[in-house]
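Contents: one structure, followed by commentary.
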Amino acid sequence: MTSEPDFRRYLTGIDSPSTHQLFVDCVIVGAGIAGLRAAVELPENCSVIVLCKGFLADSNTWQAQGGIASALDKADTFESHIADTLKTGCGLSELSTVEMVVRQGPELVKQLLAWGTQFDMVNGRIATTLEGGHSHPRIAHAHGDETGRTIASVLIRKVREKTNVRVLENFFVIDLLTDKENNCIGIIGQDKRGLQIIWAENTILAAGGLGQLYRETTNPSIATGDGIAMAYRAGAVLQDLEFIQFHPTTLYIAGASRALITETLRGEGAVLLDSNGYRFMKEYDEAGELAPRDIVSRAILAHMLKTKSTHVYLDVRDFDKKHFAKRFPLISELCESFDIDVSSDLIPVRPSAHYMIGGLKTDSSAGTSIDSLYACGEVAATGLHGANRLGSNSLLEGLVFGKIAGRSVCEKLKENTHGRHPKISYKVPQSARTRLDAADVRNSLRALMWRNVGITRKAQPLKEAQDIIRFWQRYVMDKVFDSNQGWECQNMLTVSLLMARAALNRTESRGVHYRTDFPNIDDSNFKKHIEIKRTGI
């Protein structure tokens, strides 16, 4: 286990007696599929607050175009789904976790159907399609490419029906609160009313991903790695931070934000072409467009360099235009907004940061190394994905571990550990250093991460990234901010440094982590997880 320098414990000063306080049995940080499913699981006699950094529609779940993977078809098997997940995970997936998640999948997907999720159906059954890395069609979709939005809407309705659950939107969680024994006892955050302390017997962290650490990303603006950063400051064990998945195909329009073009298109016959109209993927992998995401992303990057191009193209001209509009309404609308006629035009695409595989190390009960703190969804490292996530396993993981986290809190509440609300007084020393512009640092950091800790890595750029980040930290981490933007910048610097360090320490290439100076897998030294924990805890 590696350690990083001991930064201050909290990002803001705390005086609990003078701060507005709430008291609940469970606070859930995050309102994507994992956090919402956890809230649904909690019983009516459990008081719950769900905290949402932005609006409920701002989550990665809401924006997910791809489907949810599950062995729903009679011709499919759990064993096949397990094998595909393990193969894609490149030796680092935990077999027991993979088996548990895969085997619970069909029941929970059918439960969503029973709750009103409008999955695409065929002959009275949930329809399934094929994606790269899967040996069988097992991807369930809802309204074509609106799967995430449809599932999230149903879970939001279920949560709002529960009288014991309160949802607070536009609430920025600054830090996890811990007592002298380092048990989690709640959170401190800020909304329009100012600083708020929520004392909680149990805390579920479901704060999502960190795609905004990169210049090119599919993630919404709120995905700045806050959950991992606050857990690190609290002393939680983190795992697999070197593994971030880049989605191969995001719409590339200069000046526009990146928008995901689901790989379901490639699963249903779309092909990748270069600027000369050449179908190049077979040069890089025999599976062509259906190769796992890490291979397709690296192939596109390599071919862009080879052809001196800023992007490649996705060809869907063989699709029936009316069927395409019905099957993929979001993508169809997106292309039309940029005057791309999918029946005659190619779709310009390039890779972008998409999904964080690492996060808080959790056990099979969603528990972390900190008592009374649970983690689920993208913020957690459950062992399911290993070194590379199999497409459409993320919604499945959030669904399963959200339920598990809720169940774990139910069991913990039976212990009757009420009353841990110590006075907290924390003062941040005034800094004499120059203040850097947080917005400028943030933009420069995103460019640095894309360049030095991106799809391909090498020792010297990784060392350079750490030196530059540490320089910025000297002038940013010692400051006290009172806005989301400042805290986000501090969180982004914290997590970026940890990711660069983990990437430097893994001197091999495995899954989404590719070192050009160590291009081979080294099982003798690295068939293991890299864990990181803050010193002084």
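The way I read the labels, and the way they are meant: chains A, B, ... in the order of the structure tokens, residue 1 as the first residue of every chain, and ligand 1 as the first ligand shown, with later ones counted on from there.
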Open item on the list: With DSSP run on the backbone, what are the helix (DSSP H, G or I) residues within region 45-187 of chain A? I'd like them as number ranges by chain.
Closed with: A: 56-58, 60-63, 78-88, 95-114, 147-161
- [ ] Determine, counting only C-alpha atoms, which protein, DNA and RNA residues have an atom within 6 Å of an atom of Tyr214 (chain A); residues of the same chain fewer than 4 positions away are not included. Present the result as a list in words.
- [x]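 Once the nearby chain positions are removed, what remains is Arg446, Met449 and Trp450 of chain A.
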Selection above as a file: N, CA and C atoms, as a short mmCIF file (atom, residue, chain, number, x, y, z; two decimals), in the first residue's frame:
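Result file part_14.cif:
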data_model
loop_
_atom_site.label_atom_id
_atom_site.label_comp_id
_atom_site.auth_asym_id
_atom_site.auth_seq_id
_atom_site.Cartn_x
_atom_site.Cartn_y
_atom_site.Cartn_z
N ARG A 446 -6.75 19.66 -16.49
CA ARG A 446 -7.46 18.76 -17.41
C ARG A 446 -6.63 18.48 -18.65
N MET A 449 -3.71 16.12 -17.55
CA MET A 449 -4.15 14.74 -17.36
C MET A 449 -4.37 14.04 -18.69
N TRP A 450 -4.98 14.75 -19.66
CA TRP A 450 -5.21 14.17 -20.98
C TRP A 450 -3.89 13.84 -21.65
#
Per-residue nearest contacts of region 99-148 of chain A to region 394-403 of chain A (7 Å; only C-alpha atoms) as a Markdown table:
| residue | atom | partner | partner_atom | distance |
| --- | --- | --- | --- | --- |
| A:Val101 | CA | A:Val400 | CA | 6.2 |
| A:Gln104 | CA | A:Val400 | CA | 6.9 |
| A:Gly105 | CA | A:Leu396 | CA | 6.5 |
Task: Nearest-residue call for Ser135 (chain A), choices A:Ser59, A:Thr507, A:Asn525, A:Thr77, using only C-alpha atoms - done: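 Closest to Ser135 (chain A) of all the choices is A:Thr77.
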- [ ] Find the residue from A:Lys180, A:His303, A:Arg266, A:Lys87 that sits nearest to Gly288 (chain A); use only C-alpha atoms when measuring.
- [x] A:Arg266
- [ ] Excluding region 246-255 of chain A and any residue of its chain fewer than 5 positions from it, enumerate the residues within 6 Å of it, using only C-alpha atoms, and give them as a PyMOL selection string.
- [x] chain A and resi 260-261+296-297+348-354
Output of the above residues as a compact mmCIF listing (two decimals), in the first residue's frame, restricted to N, CA and C atoms:
# COMPACT_ATOMS: atom_id res chain seq x y z
N LEU A 260 -21.40 11.20 -25.93
CA LEU A 260 -21.17 9.78 -26.16
C LEU A 260 -21.99 9.26 -27.34
N ILE A 261 -21.35 8.44 -28.16
CA ILE A 261 -22.03 7.70 -29.22
C ILE A 261 -21.95 6.23 -28.84
N VAL A 296 -10.14 -0.66 -28.61
CA VAL A 296 -10.67 0.23 -29.63
C VAL A 296 -10.18 1.66 -29.41
N SER A 297 -10.14 2.09 -28.17
CA SER A 297 -9.66 3.46 -27.88
C SER A 297 -8.21 3.63 -28.29
N PRO A 348 -18.20 12.06 -37.02
CA PRO A 348 -16.83 12.21 -36.52
C PRO A 348 -16.75 11.85 -35.03
N VAL A 349 -15.80 10.99 -34.68
CA VAL A 349 -15.68 10.52 -33.29
C VAL A 349 -14.22 10.45 -32.88
N ARG A 350 -14.01 10.46 -31.57
CA ARG A 350 -12.69 10.21 -30.99
C ARG A 350 -12.90 9.78 -29.54
N PRO A 351 -11.88 9.16 -28.89
CA PRO A 351 -12.06 8.69 -27.51
C PRO A 351 -12.15 9.84 -26.51
N SER A 352 -12.81 9.56 -25.38
CA SER A 352 -12.90 10.52 -24.27
C SER A 352 -12.95 9.74 -22.96
N ALA A 353 -12.48 10.38 -21.88
CA ALA A 353 -12.55 9.77 -20.56
C ALA A 353 -14.00 9.49 -20.21
N HIS A 354 -14.24 8.29 -19.68
CA HIS A 354 -15.63 7.85 -19.55
C HIS A 354 -15.98 7.29 -18.17
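Counting only C-alpha atoms, the residue from A:Arg166, A:Ser372, A:Ile244, A:Arg506 that sits nearest to Phe518 (chain A) is A:Arg506.
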Task: Nearby residues (only C-alpha atoms) at most 7 Å from Leu177 (chain A), same-chain spacing under 4 positions excluded, as a list in words - done: Cys184, Ile185, Gly186, Ile187 and Ile188 of chain A
Include N, CA and C atoms and write out the residues we just selected as a CSV table (one decimal), in the first residue's frame.
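Below you can see result36.csv, which holds the result:
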chain,number,residue,atom,x,y,z
A,184,CYS,N,-17.1,7.0,10.6
A,184,CYS,CA,-17.8,8.0,9.8
A,184,CYS,C,-19.1,8.4,10.6
A,185,ILE,N,-19.3,9.7,10.8
A,185,ILE,CA,-20.5,10.1,11.6
A,185,ILE,C,-21.3,11.1,10.9
A,186,GLY,N,-21.1,11.3,9.6
A,186,GLY,CA,-21.9,12.2,8.8
A,186,GLY,C,-21.1,13.0,7.8
A,187,ILE,N,-21.7,14.1,7.4
A,187,ILE,CA,-21.0,14.9,6.4
A,187,ILE,C,-21.2,16.4,6.7
A,188,ILE,N,-20.3,17.2,6.1
A,188,ILE,CA,-20.5,18.7,6.1
A,188,ILE,C,-20.5,19.1,4.7
TODO: Within 7 Å of Asp25 (chain A), counting only C-alpha atoms, which residues show up once you throw out same-chain ones fewer than 3 positions away? Write them as a VMD selection string, please.
DONE: chain A and resid 46 to 48 200 to 202
Open item on the list: Considering only C-alpha atoms, can you say which of A:Gly144, A:Gly225, A:Pro329, A:Gly189 comes closest to Gly211 (chain A)?
Closed with: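 Smallest distance to Gly211 (chain A) is found for A:Gly225.
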Task: Nearest to Asn219 (chain A) by atom-to-atom distance, counting only C-alpha atoms, from A:Leu346, A:Met356, A:Ile530, A:Leu176 - done: A:Met356
Open item on the list: Among region 293-385 of chain A, which ones does DSSP assign to strand (DSSP E or B) (computed from the backbone)? Answer as a PyMOL selection string.
Closed with: chain A and resi 312-315+347-356+359-361+367+373-375+380-381
Quick one: write out the picked residues with N, CA and C atoms as a short mmCIF file (atom, residue, chain, number, x, y, z; two decimals), in the first residue's frame?
data_model
loop_
_atom_site.label_atom_id
_atom_site.label_comp_id
_atom_site.auth_asym_id
_atom_site.auth_seq_id
_atom_site.Cartn_x
_atom_site.Cartn_y
_atom_site.Cartn_z
N VAL A 312 -11.65 10.10 -36.14
CA VAL A 312 -12.01 9.11 -37.16
C VAL A 312 -13.52 9.22 -37.36
N TYR A 313 -14.10 8.26 -38.07
CA TYR A 313 -15.53 8.35 -38.37
C TYR A 313 -16.26 7.05 -38.04
N LEU A 314 -17.50 7.21 -37.60
CA LEU A 314 -18.39 6.06 -37.41
C LEU A 314 -19.38 6.07 -38.57
N ASP A 315 -19.47 4.94 -39.24
CA ASP A 315 -20.31 4.82 -40.44
C ASP A 315 -21.58 4.05 -40.11
N ILE A 347 -20.15 10.06 -39.02
CA ILE A 347 -20.18 10.72 -37.71
C ILE A 347 -18.75 10.84 -37.19
N PRO A 348 -18.20 12.06 -37.02
CA PRO A 348 -16.83 12.21 -36.52
C PRO A 348 -16.75 11.85 -35.03
N VAL A 349 -15.80 10.99 -34.68
CA VAL A 349 -15.68 10.52 -33.29
C VAL A 349 -14.22 10.45 -32.88
N ARG A 350 -14.01 10.46 -31.57
CA ARG A 350 -12.69 10.21 -30.99
C ARG A 350 -12.90 9.78 -29.54
N PRO A 351 -11.88 9.16 -28.89
CA PRO A 351 -12.06 8.69 -27.51
C PRO A 351 -12.15 9.84 -26.51
N SER A 352 -12.81 9.56 -25.38
CA SER A 352 -12.90 10.52 -24.27
C SER A 352 -12.95 9.74 -22.96
N ALA A 353 -12.48 10.38 -21.88
CA ALA A 353 -12.55 9.77 -20.56
C ALA A 353 -14.00 9.49 -20.21
N HIS A 354 -14.24 8.29 -19.68
CA HIS A 354 -15.63 7.85 -19.55
C HIS A 354 -15.98 7.29 -18.17
N TYR A 355 -15.17 6.35 -17.66
CA TYR A 355 -15.60 5.63 -16.45
C TYR A 355 -14.40 5.31 -15.57
N MET A 356 -14.50 5.68 -14.28
CA MET A 356 -13.45 5.38 -13.32
C MET A 356 -13.66 4.00 -12.72
N GLY A 359 -11.50 3.34 -7.01
CA GLY A 359 -12.25 4.13 -6.04
C GLY A 359 -12.03 3.61 -4.64
N LEU A 360 -13.04 3.75 -3.79
CA LEU A 360 -12.94 3.24 -2.43
C LEU A 360 -12.98 1.72 -2.45
N LYS A 361 -12.04 1.11 -1.79
CA LYS A 361 -12.03 -0.35 -1.69
C LYS A 361 -13.22 -0.79 -0.84
N GLY A 367 -19.08 -2.35 2.31
CA GLY A 367 -18.37 -1.67 3.40
C GLY A 367 -16.99 -1.22 2.99
N LEU A 373 -19.22 3.71 6.98
CA LEU A 373 -19.15 4.30 5.65
C LEU A 373 -19.23 3.20 4.60
N TYR A 374 -20.20 3.31 3.71
CA TYR A 374 -20.39 2.36 2.63
C TYR A 374 -20.20 3.09 1.29
N ALA A 375 -19.85 2.34 0.27
CA ALA A 375 -19.66 2.95 -1.04
C ALA A 375 -20.23 2.05 -2.12
N ALA A 380 -16.84 3.47 -6.10
CA ALA A 380 -16.33 2.30 -5.38
C ALA A 380 -15.48 1.41 -6.28
N ALA A 381 -14.52 0.74 -5.67
CA ALA A 381 -13.75 -0.30 -6.35
C ALA A 381 -14.17 -1.63 -5.73
#
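As for CA of Gly67 (chain A) and CA of Gly148 (chain A), they are spaced 7.4 Å apart.
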- [ ] Find the spatial neighbours of Val237 (chain A), counting only C-alpha atoms, within a cut-off of 12 Å - ignore same-chain residues fewer than 5 positions away - and output them as a PyMOL selection string.
- [x] chain A and resi 1-4+228-232+358-363+367-371+373+375+380-381+529-535+537
The selected residues should be written to file as a short mmCIF file (atom, residue, chain, number, x, y, z; two decimals), in the first residue's frame (atoms: C-alpha atoms).
data_model
loop_
_atom_site.label_atom_id
_atom_site.label_comp_id
_atom_site.auth_asym_id
_atom_site.auth_seq_id
_atom_site.Cartn_x
_atom_site.Cartn_y
_atom_site.Cartn_z
CA MET A 1 0.00 0.00 0.00
CA THR A 2 1.37 3.40 -0.97
CA SER A 3 0.89 6.66 0.92
CA GLU A 4 0.68 10.29 -0.07
CA ILE A 228 -12.77 9.81 -3.87
CA ALA A 229 -11.10 12.99 -2.62
CA MET A 230 -13.21 13.32 0.53
CA ALA A 231 -12.79 9.62 1.28
CA TYR A 232 -9.02 9.98 0.91
CA GLY A 358 -10.97 2.48 -9.20
CA GLY A 359 -12.25 4.13 -6.04
CA LEU A 360 -12.94 3.24 -2.43
CA LYS A 361 -12.03 -0.35 -1.69
CA THR A 362 -15.20 -2.16 -0.66
CA ASP A 363 -16.10 -5.63 0.52
CA GLY A 367 -18.37 -1.67 3.40
CA THR A 368 -15.19 0.40 3.32
CA SER A 369 -12.18 0.54 5.62
CA ILE A 370 -14.01 3.21 7.67
CA ASP A 371 -16.73 2.00 10.00
CA LEU A 373 -19.15 4.30 5.65
CA ALA A 375 -19.66 2.95 -1.04
CA ALA A 380 -16.33 2.30 -5.38
CA ALA A 381 -13.75 -0.30 -6.35
CA HIS A 529 -4.40 -4.29 -6.71
CA ILE A 530 -2.54 -1.09 -5.89
CA GLU A 531 -3.95 0.44 -2.72
CA ILE A 532 -3.47 3.99 -1.48
CA LYS A 533 -4.18 5.44 1.95
CA ARG A 534 -3.49 8.84 3.39
CA THR A 535 -0.70 9.04 5.96
CA ILE A 537 -4.74 8.26 9.72
#
TODO: Could you check how far CA of Glu146 (chain A) sits from CA of Asp76 (chain A), in Å to one decimal?
DONE: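 Here the two named atoms are 24.0 Å from each other.
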Residues at most 10 Å from Arg293 (chain A), counting only C-alpha atoms, excluding those fewer than 5 positions away in the same chain, as a compact mmCIF listing (two decimals) with C-alpha atoms, in the first residue's frame?
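The result, written out as out_35.txt:
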# COMPACT_ATOMS: atom_id res chain seq x y z
CA THR A 88 -12.15 -8.21 -19.90
CA GLY A 132 -18.02 -5.56 -27.67
CA GLY A 133 -16.50 -8.05 -25.22
CA GLN A 245 -11.76 3.72 -19.05
CA PHE A 246 -11.88 5.86 -22.17
CA HIS A 247 -14.93 5.47 -24.37
CA PRO A 248 -13.80 4.96 -27.99
CA THR A 249 -16.54 6.92 -29.72
CA GLU A 263 -21.10 1.26 -28.69
CA ARG A 298 -5.94 2.77 -28.30
CA ALA A 299 -6.47 1.72 -31.92
CA PRO A 351 -12.06 8.69 -27.51
CA ASN A 388 -11.12 -2.98 -17.56
CA ARG A 389 -14.89 -2.66 -17.40
CA LEU A 390 -17.01 -4.83 -19.65
CA GLY A 391 -19.54 -2.63 -21.45
CA GLY A 511 -6.61 -3.43 -19.33
CA VAL A 512 -7.17 0.32 -19.61
Task: CA of Ala405 (chain A) to CA of Glu378 (chain A), distance in Å rounded to a single decimal - done: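 Computing the Euclidean distance for CA of Ala405 (chain A) and CA of Glu378 (chain A) yields 13.5 Å.
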